[in-house]
Structures are given as C-alpha cells and as structure tokens.
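Structure file target.csv; described as CSV, C-alpha atoms (C1' of nucleotides).
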chain,number,residue,atom,x,y,z
A,24,MET,CA,0.0,0.0,0.0
A,25,GLY,CA,1.1,3.5,-0.6
A,26,THR,CA,2.5,5.8,2.0
A,27,ARG,CA,0.0,7.7,4.1
A,28,THR,CA,2.2,10.1,5.9
A,29,GLU,CA,-0.6,12.4,6.7
A,30,ILE,CA,-1.9,9.8,9.1
A,31,ALA,CA,1.1,9.8,11.2
A,32,ALA,CA,0.9,13.5,11.2
A,33,LEU,CA,-2.7,13.6,12.3
A,34,ASP,CA,-2.5,10.9,14.8
A,35,PRO,CA,0.0,11.2,17.6
A,36,ASN,CA,-0.3,7.5,18.4
A,37,ALA,CA,1.9,5.6,15.8
A,38,ASP,CA,0.2,2.4,16.7
A,39,LEU,CA,-3.2,3.7,15.6
A,40,ALA,CA,-1.7,5.0,12.4
A,41,ARG,CA,-2.1,1.8,10.5
A,42,ALA,CA,-4.8,0.2,12.6
A,43,ASP,CA,-7.2,0.2,9.8
A,44,SER,CA,-5.4,-2.6,7.9
A,45,LEU,CA,-7.5,-5.4,9.4
A,46,ALA,CA,-10.6,-3.4,9.3
A,47,ARG,CA,-10.0,-2.8,5.7
A,48,GLU,CA,-9.6,-6.4,5.0
A,49,ILE,CA,-13.0,-7.2,6.5
A,50,PHE,CA,-14.5,-4.2,4.9
A,51,ALA,CA,-13.2,-5.4,1.5
A,52,ASP,CA,-14.8,-8.8,2.3
A,53,ILE,CA,-18.3,-7.4,2.9
A,54,ALA,CA,-18.1,-4.7,0.3
A,55,ASN,CA,-19.2,-6.9,-2.5
A,56,LYS,CA,-22.7,-7.2,-3.8
A,57,TRP,CA,-23.3,-10.9,-2.9
A,58,ALA,CA,-22.2,-10.5,0.7
A,59,LEU,CA,-24.4,-7.4,1.1
A,60,LEU,CA,-27.3,-9.0,-0.6
A,61,ILE,CA,-27.0,-12.1,1.5
A,62,ILE,CA,-27.0,-10.0,4.7
A,63,GLU,CA,-30.0,-8.1,3.4
A,64,PHE,CA,-32.0,-11.1,2.7
A,65,LEU,CA,-31.1,-13.0,5.8
A,66,GLY,CA,-32.3,-9.9,7.7
A,67,GLN,CA,-35.8,-10.9,6.8
A,68,ARG,CA,-35.6,-14.3,8.4
A,69,THR,CA,-33.6,-17.4,8.9
A,70,MET,CA,-33.3,-19.3,5.7
A,71,ARG,CA,-32.1,-22.5,4.3
A,72,PHE,CA,-29.4,-22.7,1.8
A,73,GLY,CA,-31.7,-23.3,-1.1
A,74,GLU,CA,-34.2,-20.7,0.0
A,75,LEU,CA,-31.5,-18.1,0.1
A,76,ARG,CA,-30.3,-19.1,-3.3
A,77,ASP,CA,-33.8,-18.8,-4.8
A,78,GLU,CA,-34.6,-15.5,-3.1
A,79,ILE,CA,-31.4,-13.8,-4.1
A,80,GLY,CA,-31.6,-15.1,-7.6
A,81,GLY,CA,-28.7,-15.1,-10.0
A,82,ILE,CA,-26.1,-16.2,-7.5
A,83,SER,CA,-24.3,-19.4,-8.3
A,84,HIS,CA,-24.2,-22.3,-5.9
A,85,LYS,CA,-20.5,-21.8,-5.5
A,86,MET,CA,-20.6,-18.1,-4.7
A,87,LEU,CA,-23.3,-18.5,-2.2
A,88,THR,CA,-21.4,-21.2,-0.3
A,89,GLN,CA,-18.2,-19.2,-0.5
A,90,ASN,CA,-19.8,-16.0,0.7
A,91,LEU,CA,-21.7,-17.7,3.5
A,92,ARG,CA,-18.4,-19.3,4.7
A,93,MET,CA,-16.8,-16.0,4.7
A,94,LEU,CA,-19.6,-14.3,6.5
A,95,GLU,CA,-19.6,-17.1,9.0
A,96,HIS,CA,-15.9,-16.8,9.5
A,97,ASN,CA,-16.3,-13.1,10.1
A,98,GLY,CA,-18.9,-13.7,12.7
A,99,LEU,CA,-21.8,-12.2,10.8
A,100,VAL,CA,-23.8,-15.3,10.0
A,101,GLU,CA,-24.5,-18.4,12.1
A,102,ARG,CA,-24.8,-21.8,10.4
A,103,THR,CA,-27.0,-24.5,11.9
A,104,VAL,CA,-26.9,-28.0,10.5
A,105,HIS,CA,-29.7,-30.4,11.1
A,106,PRO,CA,-28.2,-33.9,10.5
A,107,THR,CA,-31.4,-35.2,8.8
A,108,ILE,CA,-31.8,-36.8,5.5
A,109,PRO,CA,-31.8,-34.9,3.3
A,110,PRO,CA,-29.6,-32.4,5.2
A,111,ARG,CA,-31.1,-29.2,6.4
A,112,VAL,CA,-28.8,-26.2,6.9
A,113,GLU,CA,-30.1,-23.0,8.2
A,114,TYR,CA,-28.4,-19.6,8.2
A,115,THR,CA,-29.2,-16.7,10.4
A,116,LEU,CA,-27.6,-13.4,11.2
A,117,THR,CA,-25.7,-13.0,14.4
A,118,GLU,CA,-26.1,-9.9,16.5
A,119,ALA,CA,-23.2,-8.3,14.7
A,120,GLY,CA,-24.6,-9.4,11.4
A,121,ASP,CA,-27.9,-7.8,12.1
A,122,ALA,CA,-26.3,-4.6,13.2
A,123,LEU,CA,-24.5,-4.6,9.8
A,124,ARG,CA,-27.8,-5.3,8.1
A,125,ALA,CA,-29.2,-2.1,9.7
A,126,ALA,CA,-26.4,-0.2,8.1
A,127,VAL,CA,-26.9,-1.9,4.8
A,128,ASP,CA,-30.6,-1.0,5.0
A,129,GLY,CA,-29.4,2.6,5.0
A,130,MET,CA,-27.9,2.0,1.7
A,131,CYS,CA,-31.0,0.4,0.4
A,132,GLY,CA,-33.1,3.2,1.7
A,133,TRP,CA,-30.8,5.5,-0.1
A,134,THR,CA,-31.6,3.9,-3.4
A,135,GLN,CA,-35.2,4.7,-2.9
A,136,LYS,CA,-34.5,8.4,-2.7
A,137,PHE,CA,-31.7,9.0,-5.0
A,138,LEU,CA,-31.5,6.4,-7.6
A,139,PRO,CA,-31.9,7.9,-11.1
A,140,SER,CA,-34.3,5.2,-12.0
A,141,PRO,CA,-38.1,4.9,-11.9
A,142,ARG,CA,-37.9,2.2,-9.3
A,143,SER,CA,-35.5,1.4,-6.5
A,144,MET,CA,-34.5,-1.5,-4.5
A,145,ARG,CA,-36.9,-2.6,-1.9
A,146,CYS,CA,-35.2,-3.9,1.1
A,147,SER,CA,-36.1,-5.7,4.3
A,148,ARG,CA,-39.6,-6.2,3.0
A,149,GLY,CA,-40.3,-7.5,-0.3
A,150,PHE,CA,-37.6,-9.2,-2.3
A,151,MET,CA,-35.5,-6.2,-2.9
B,6,MET,CA,-26.8,-13.2,-14.9
B,7,GLY,CA,-28.7,-16.4,-14.8
B,8,THR,CA,-32.4,-16.7,-15.3
B,9,ARG,CA,-34.5,-15.6,-12.4
B,10,THR,CA,-37.9,-17.2,-13.1
B,11,GLU,CA,-38.6,-17.6,-9.5
B,12,ILE,CA,-39.2,-13.9,-9.1
B,13,ALA,CA,-41.9,-13.8,-11.7
B,14,ALA,CA,-43.5,-16.7,-10.0
B,15,LEU,CA,-43.5,-15.2,-6.6
B,16,ASP,CA,-44.6,-11.7,-7.5
B,17,PRO,CA,-48.1,-11.3,-9.0
B,18,ASN,CA,-47.1,-7.9,-10.5
B,19,ALA,CA,-45.0,-8.6,-13.5
B,20,ASP,CA,-43.8,-5.0,-13.7
B,21,LEU,CA,-42.4,-4.9,-10.3
B,22,ALA,CA,-41.0,-8.4,-10.6
B,23,ARG,CA,-37.9,-7.3,-12.3
B,24,ALA,CA,-37.8,-3.7,-11.2
B,25,ASP,CA,-34.7,-4.4,-9.2
B,26,SER,CA,-32.5,-4.9,-12.2
B,27,LEU,CA,-31.3,-1.4,-12.6
B,28,ALA,CA,-31.1,-0.8,-8.9
B,29,ARG,CA,-29.0,-3.9,-8.6
B,30,GLU,CA,-26.6,-2.7,-11.3
B,31,ILE,CA,-26.0,0.5,-9.5
B,32,PHE,CA,-25.9,-1.4,-6.2
B,33,ALA,CA,-23.3,-3.7,-7.7
B,34,ASP,CA,-21.3,-0.6,-8.8
B,35,ILE,CA,-21.0,1.0,-5.5
B,36,ALA,CA,-20.7,-2.2,-3.5
B,37,ASN,CA,-17.0,-2.5,-4.0
B,38,LYS,CA,-14.4,-1.3,-1.6
B,39,TRP,CA,-12.9,1.4,-3.7
B,40,ALA,CA,-16.1,3.1,-4.4
B,41,LEU,CA,-17.2,3.0,-0.8
B,42,LEU,CA,-13.8,4.3,0.4
B,43,ILE,CA,-13.8,7.1,-2.1
B,44,ILE,CA,-17.3,8.2,-1.0
B,45,GLU,CA,-16.2,8.0,2.6
B,46,PHE,CA,-13.1,10.1,2.1
B,47,LEU,CA,-14.8,12.6,-0.1
B,48,GLY,CA,-17.3,13.0,2.7
B,49,GLN,CA,-14.6,14.8,4.7
B,50,ARG,CA,-14.0,17.5,2.1
B,51,THR,CA,-13.6,18.3,-1.5
B,52,MET,CA,-10.3,16.8,-2.8
B,53,ARG,CA,-8.1,16.9,-5.7
B,54,PHE,CA,-7.3,13.7,-7.6
B,55,GLY,CA,-3.9,13.3,-6.1
B,56,GLU,CA,-5.0,14.1,-2.6
B,57,LEU,CA,-7.7,11.4,-2.8
B,58,ARG,CA,-5.1,9.0,-4.2
B,59,ASP,CA,-2.8,9.7,-1.3
B,60,GLU,CA,-5.4,9.7,1.4
B,61,ILE,CA,-7.0,6.4,0.4
B,62,GLY,CA,-3.6,4.8,-0.1
B,63,GLY,CA,-3.2,1.6,-2.0
B,64,ILE,CA,-5.5,2.5,-4.8
B,65,SER,CA,-4.0,2.5,-8.3
B,66,HIS,CA,-4.2,5.5,-10.6
B,67,LYS,CA,-6.4,3.5,-12.9
B,68,MET,CA,-8.8,2.3,-10.3
B,69,LEU,CA,-9.3,5.7,-8.9
B,70,THR,CA,-10.0,7.2,-12.3
B,71,GLN,CA,-12.3,4.4,-13.2
B,72,ASN,CA,-14.3,4.6,-10.0
B,73,LEU,CA,-14.5,8.3,-10.0
B,74,ARG,CA,-15.9,8.2,-13.5
B,75,MET,CA,-18.4,5.6,-12.5
B,76,LEU,CA,-19.5,7.6,-9.5
B,77,GLU,CA,-19.7,10.7,-11.6
B,78,HIS,CA,-21.8,8.8,-14.1
B,79,ASN,CA,-24.1,7.7,-11.3
B,80,GLY,CA,-24.5,11.2,-10.0
B,81,LEU,CA,-22.7,10.7,-6.8
B,82,VAL,CA,-19.7,12.8,-7.4
B,83,GLU,CA,-19.2,16.1,-9.1
B,84,ARG,CA,-16.0,16.8,-11.1
B,85,THR,CA,-14.7,20.3,-11.4
B,86,VAL,CA,-11.8,21.1,-13.8
B,87,HIS,CA,-9.7,24.2,-13.4
B,88,PRO,CA,-8.0,24.7,-16.7
B,89,THR,CA,-4.7,25.9,-15.2
B,90,ILE,CA,-1.3,24.6,-15.7
B,91,PRO,CA,-0.8,22.2,-14.2
B,92,PRO,CA,-4.4,21.1,-14.3
B,93,ARG,CA,-6.4,21.1,-11.1
B,94,VAL,CA,-9.3,18.7,-10.8
B,95,GLU,CA,-11.5,18.6,-7.8
B,96,TYR,CA,-14.0,16.1,-6.7
B,97,THR,CA,-16.9,16.6,-4.4
B,98,LEU,CA,-19.9,14.6,-3.3
B,99,THR,CA,-23.3,15.6,-4.7
B,100,GLU,CA,-26.3,15.7,-2.5
B,101,ALA,CA,-27.1,12.1,-3.4
B,102,GLY,CA,-23.5,11.1,-2.8
B,103,ASP,CA,-23.5,12.7,0.6
B,104,ALA,CA,-26.7,10.9,1.5
B,105,LEU,CA,-25.0,7.6,0.5
B,106,ARG,CA,-22.0,8.6,2.5
B,107,ALA,CA,-24.3,8.8,5.5
B,108,ALA,CA,-25.4,5.3,4.9
B,109,VAL,CA,-21.8,4.1,4.5
B,110,ASP,CA,-20.9,5.8,7.7
B,111,GLY,CA,-23.3,3.4,9.3
B,112,MET,CA,-21.2,0.6,8.1
B,113,CYS,CA,-18.1,2.3,9.4
B,114,GLY,CA,-19.7,2.8,12.7
B,115,TRP,CA,-20.6,-0.8,12.7
B,116,THR,CA,-17.0,-1.8,12.5
B,117,GLN,CA,-16.2,0.0,15.6
B,118,LYS,CA,-18.7,-2.0,17.6
B,119,PHE,CA,-18.5,-5.4,16.1
B,120,LEU,CA,-15.2,-5.9,14.3
B,121,PRO,CA,-13.4,-8.9,15.9
B,122,SER,CA,-10.2,-6.9,16.0
B,123,PRO,CA,-8.6,-4.7,18.6
B,124,ARG,CA,-9.2,-1.7,16.5
B,125,SER,CA,-11.8,-0.6,14.0
B,126,MET,CA,-12.1,1.7,11.1
B,127,ARG,CA,-12.6,5.3,12.0
B,128,CYS,CA,-14.8,7.2,9.6
B,129,SER,CA,-16.0,10.7,8.8
B,130,ARG,CA,-13.7,12.1,11.3
B,131,GLY,CA,-10.1,11.2,11.2
B,132,PHE,CA,-9.0,9.2,8.3
B,133,MET,CA,-11.0,6.2,8.8
C,9,DC,C1',-1.0,17.1,-12.4
C,10,DG,C1',-4.5,14.4,-14.3
C,11,DG,C1',-6.1,11.3,-18.0
C,12,DT,C1',-5.9,7.7,-21.3
C,13,DA,C1',-4.2,3.5,-23.5
C,14,DT,C1',-1.9,-0.8,-23.6
C,15,DC,C1',-0.3,-5.0,-21.9
C,16,DC,C1',-0.6,-8.9,-19.0
C,17,DA,C1',-1.1,-11.7,-14.8
C,18,DC,C1',-4.2,-13.4,-11.8
C,19,DC,C1',-8.3,-14.4,-9.5
C,20,DA,C1',-13.0,-14.5,-9.2
C,21,DT,C1',-16.8,-16.6,-11.1
C,22,DG,C1',-19.8,-19.9,-13.4
C,23,DA,C1',-20.5,-24.5,-15.1
C,24,DT,C1',-20.3,-29.1,-14.3
C,25,DA,C1',-19.9,-33.3,-11.9
C,26,DC,C1',-19.5,-36.1,-7.9
C,27,DT,C1',-20.2,-37.1,-2.6
C,28,DG,C1',-22.8,-37.7,1.7
D,22,DC,C1',-30.4,-30.8,-0.1
D,23,DA,C1',-26.0,-29.1,0.8
D,24,DG,C1',-21.2,-29.2,0.1
D,25,DT,C1',-16.8,-29.8,-2.3
D,26,DA,C1',-13.7,-30.2,-6.3
D,27,DT,C1',-12.2,-29.2,-10.8
D,28,DC,C1',-11.7,-26.7,-14.9
D,29,DA,C1',-12.0,-22.9,-18.3
D,30,DT,C1',-12.3,-18.1,-19.0
D,31,DG,C1',-13.4,-13.5,-18.8
D,32,DG,C1',-12.9,-9.7,-16.3
D,33,DT,C1',-10.4,-7.0,-12.7
D,34,DG,C1',-6.9,-4.6,-11.6
D,35,DG,C1',-1.8,-3.4,-11.5
D,36,DA,C1',2.2,-1.5,-14.0
D,37,DT,C1',3.9,1.2,-17.4
D,38,DA,C1',4.2,4.6,-20.8
D,39,DC,C1',2.8,8.6,-23.1
D,40,DC,C1',-0.4,12.8,-23.9
D,41,DG,C1',-2.3,17.6,-22.8

I need this file expressed as structure tokens, please.
Amino acid sequence: MGTRTEIAALDPNADLARADSLAREIFADIANKWALLIIEFLGQRTMRFGELRDEIGGISHKMLTQNLRMLEHNGLVERTVHPTIPPRVEYTLTEAGDALRAAVDGMCGWTQKFLPSPRSMRCSRGFM
Amino acid sequence: MGTRTEIAALDPNADLARADSLAREIFADIANKWALLIIEFLGQRTMRFGELRDEIGGISHKMLTQNLRMLEHNGLVERTVHPTIPPRVEYTLTEAGDALRAAVDGMCGWTQKFLPSPRSMRCSRGFM
DNA sequence: CGGTATCCACCATGATACTG
DNA sequence: CAGTATCATGGTGGATACCG
C-alpha cells in the first residue's frame, strides 16, 4: 500500500496509524454485492441454503457457499446443521450481522430516494 | 446473470417483478471497496485527484480514475476542472453522494462495535 | 497534475460433476 | 439438499508509458 504520511501527522499514536489494515480487509470482504445481498435477505428471516439461493436469484451455488463461509468466518452469520436426510442447513444473522444489516438498510433506503431510475430496490420487506 | 424465473413466479405484479434490475446494477457498482472508500473520504471534504489517491492509499491510478468516472456517471460525485497549468481537478460529493455517505458511515460505525479486531475503522472524522 | 491507453497476470466466477 | 472439487475463462486490476 502507498504511503500515508498524513496519518502519522494527524495521529500522535503511531500504533493507531495503520490500525485500519485489518478493518479494511474485512471491509473489503463485505463490500461486494453478494455479501451485502445475503446479509440483506437474511435480515428478513432465517433461511435454508436453497431458499437463500432462490430468493437472491442469480447467485451461483458456489458463490453462495463461498460468501456464506466468509460471513460465518467473520462472525456475521451463524450456520446450523440439522443432521437429517436430506440435510437441512439454516443460516441466520448474528447480532453483529444484524447490526450490519441495519447499516446496509441505510444504503437500500438511499436507493429509494436518489436512484436515477423509476424504481428502486426494496429492502427488508419484499424481495428487494 | 442467470435466469430468475422464481421472481416472476413469486410476484403477481410482473412489472415490479424485475424492477430491481437497474437498482442492482448500481448497487453492484457501489458495492465495492474502492467506491465506498472514495465516498467515505470525499465526505470529509472536496479533494483533488492526487489528494484522494494519497489519502486512500493503496489504490492505483487506474482504479481511482475508473471509480471516479463511475461515481460521476451515477450522479454521486461532481467533477470540477480548473484549466490551469498544471491542471487542477477537484471532486466533491453531490447531494445524493452525501446521502449515500451517511449510509456508508453506518457501516463504518458498525466496524467500531463489532469488528473482531482490537481496532476498527474510523470514519468521517479522522482518516477512517 | 491528471487522464488515457496498452499489456498482462491473476483471481473471481460460473458450469459441471461427484459425494454424503 | 447441501457441500466440495475441478476446470476454463473473462474480467479485474496493477504496472507502465505517453499525452495535454
């Protein structure tokens, strides 16, 4: 990453100067459309893998799995396996995940006001 | 994107059924780390191209140009050229852009509470 | 200084197939 | 139904060079 000398200048605490590195990594993780969409949809209710896939629409099996794993790893989503046959796996937002969803809702709400299109995303209620 | 027949099936109103398509495109545009970071940093103040580049840190010349163009195209950022030598180009958030920044701030605030790291991103005040 | 164009490596993504 | 693995490929993004 490039130099950011102004930071050291602004912040007397050198430790804090580059503290954002980890935050940025996670930020980069969740700052992609699938992750945000997943969080948004899971905010409605707990869902099974297949439900989530159908609701979101257009996401591949692979991407869904991958993003869910990442979100789980970052503590935003909880995964519950019911060892039945066929298997039943449910996903739900953790407290942290739900807090993030609230923030994401802000972005969705924003689209309703400012999107230069006749219609905007509908979030939290409806399918989006 | 793949077919999304399930939506038409779920929603009785065919018009609304696919209304999200444009919104999703724009959502997909801004749901990437560079766009969000740019919006966040521009929220602090109007900046020149180079300033923005330095402040954000780690963004390539190309990505910054590309994202700024996209944001301008979507009406979130305004570009002002001062035809001096050397050229001076300033970027500032539009009203819509600032509204989005407010939403993004929510995400930043979230990191302070829930990030599983000792430190979180600092936004809107400070550098992030 | 800011913008554009070109080249290229790499990774993210989708499709497919197989397992439990 | 849910997950994993593999493969091909198209796009993303970095580096570089040159223009105004």

Using all atoms listed in the file, what table do you get, as a Markdown table, when you list each residue of chain A with an atom no more than 7 Å from chain D, its nearest pair of atoms, and their distance in Å rounded to one decimal, rows by chain then rising number?
| residue | atom | partner | partner_atom | distance |
| --- | --- | --- | --- | --- |
| A:Pro109 | CA | D:DC22 | C1' | 5.5 |
| A:Pro110 | CA | D:DC22 | C1' | 5.6 |
| A:Arg111 | CA | D:DC22 | C1' | 6.7 |

Considering only C-alpha atoms (C1' of nucleotides), extract the chain A residues located within 10 Å of chain C and return them as a list in words.
-> Ile82, Ser83, His84, Lys85, Met86, Ile108, Pro109 and Pro110 of chain A

Counting only C-alpha atoms (C1' of nucleotides), what is within 6 Å of region 118-133 of chain A, bar same-chain residues fewer than 4 positions away, as a PyMOL selection string?
-> (chain A and resi 62-63+99) or (chain B and resi 108+111-112+119)

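Considering all atoms listed in the file, the residue among B:Ile31, B:Asn37, B:His78, B:Ile61 positioned nearest to chain A is B:Asn37.
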
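Here CA of Thr88 (chain A) stands at a distance of 21.1 Å from CA of Phe32 (chain B).
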
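Shortest atom-to-atom contact with chain B among A:Lys56, A:Val100, A:Arg92, A:Leu116: A:Lys56, counting only C-alpha atoms.
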
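Minimum atom-to-atom distance to chain B, evaluated using all atoms listed in the file, belongs to A:Ala51 out of A:Arg102, A:Glu113, A:Ala51, A:Thr107.
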
Interatomic distance (Å, one decimal) between CA of Asn97 (chain A) and CA of Trp57 (chain A) | 14.9 Å

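Of the residues under consideration (B:Phe54, B:Leu76, B:Val94, B:Thr99), B:Leu76 shows the shortest atom-to-atom contact distance to Leu41 (chain B) when counting only C-alpha atoms.
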
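Straight-line separation from CA of Thr69 (chain A) to CA of Gln117 (chain B): 25.5 Å.
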
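The smallest atom-to-atom distance between chain B and any of A:Thr115, A:Gln67, A:Thr134, A:Gln89, using all atoms listed in the file, is found for A:Thr134.
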
Name the closest residue to chain B among the candidates A:Leu91, A:Leu65, A:Val104, A:Leu60; distances are taken between atoms, counting only C-alpha atoms.
-> A:Leu60
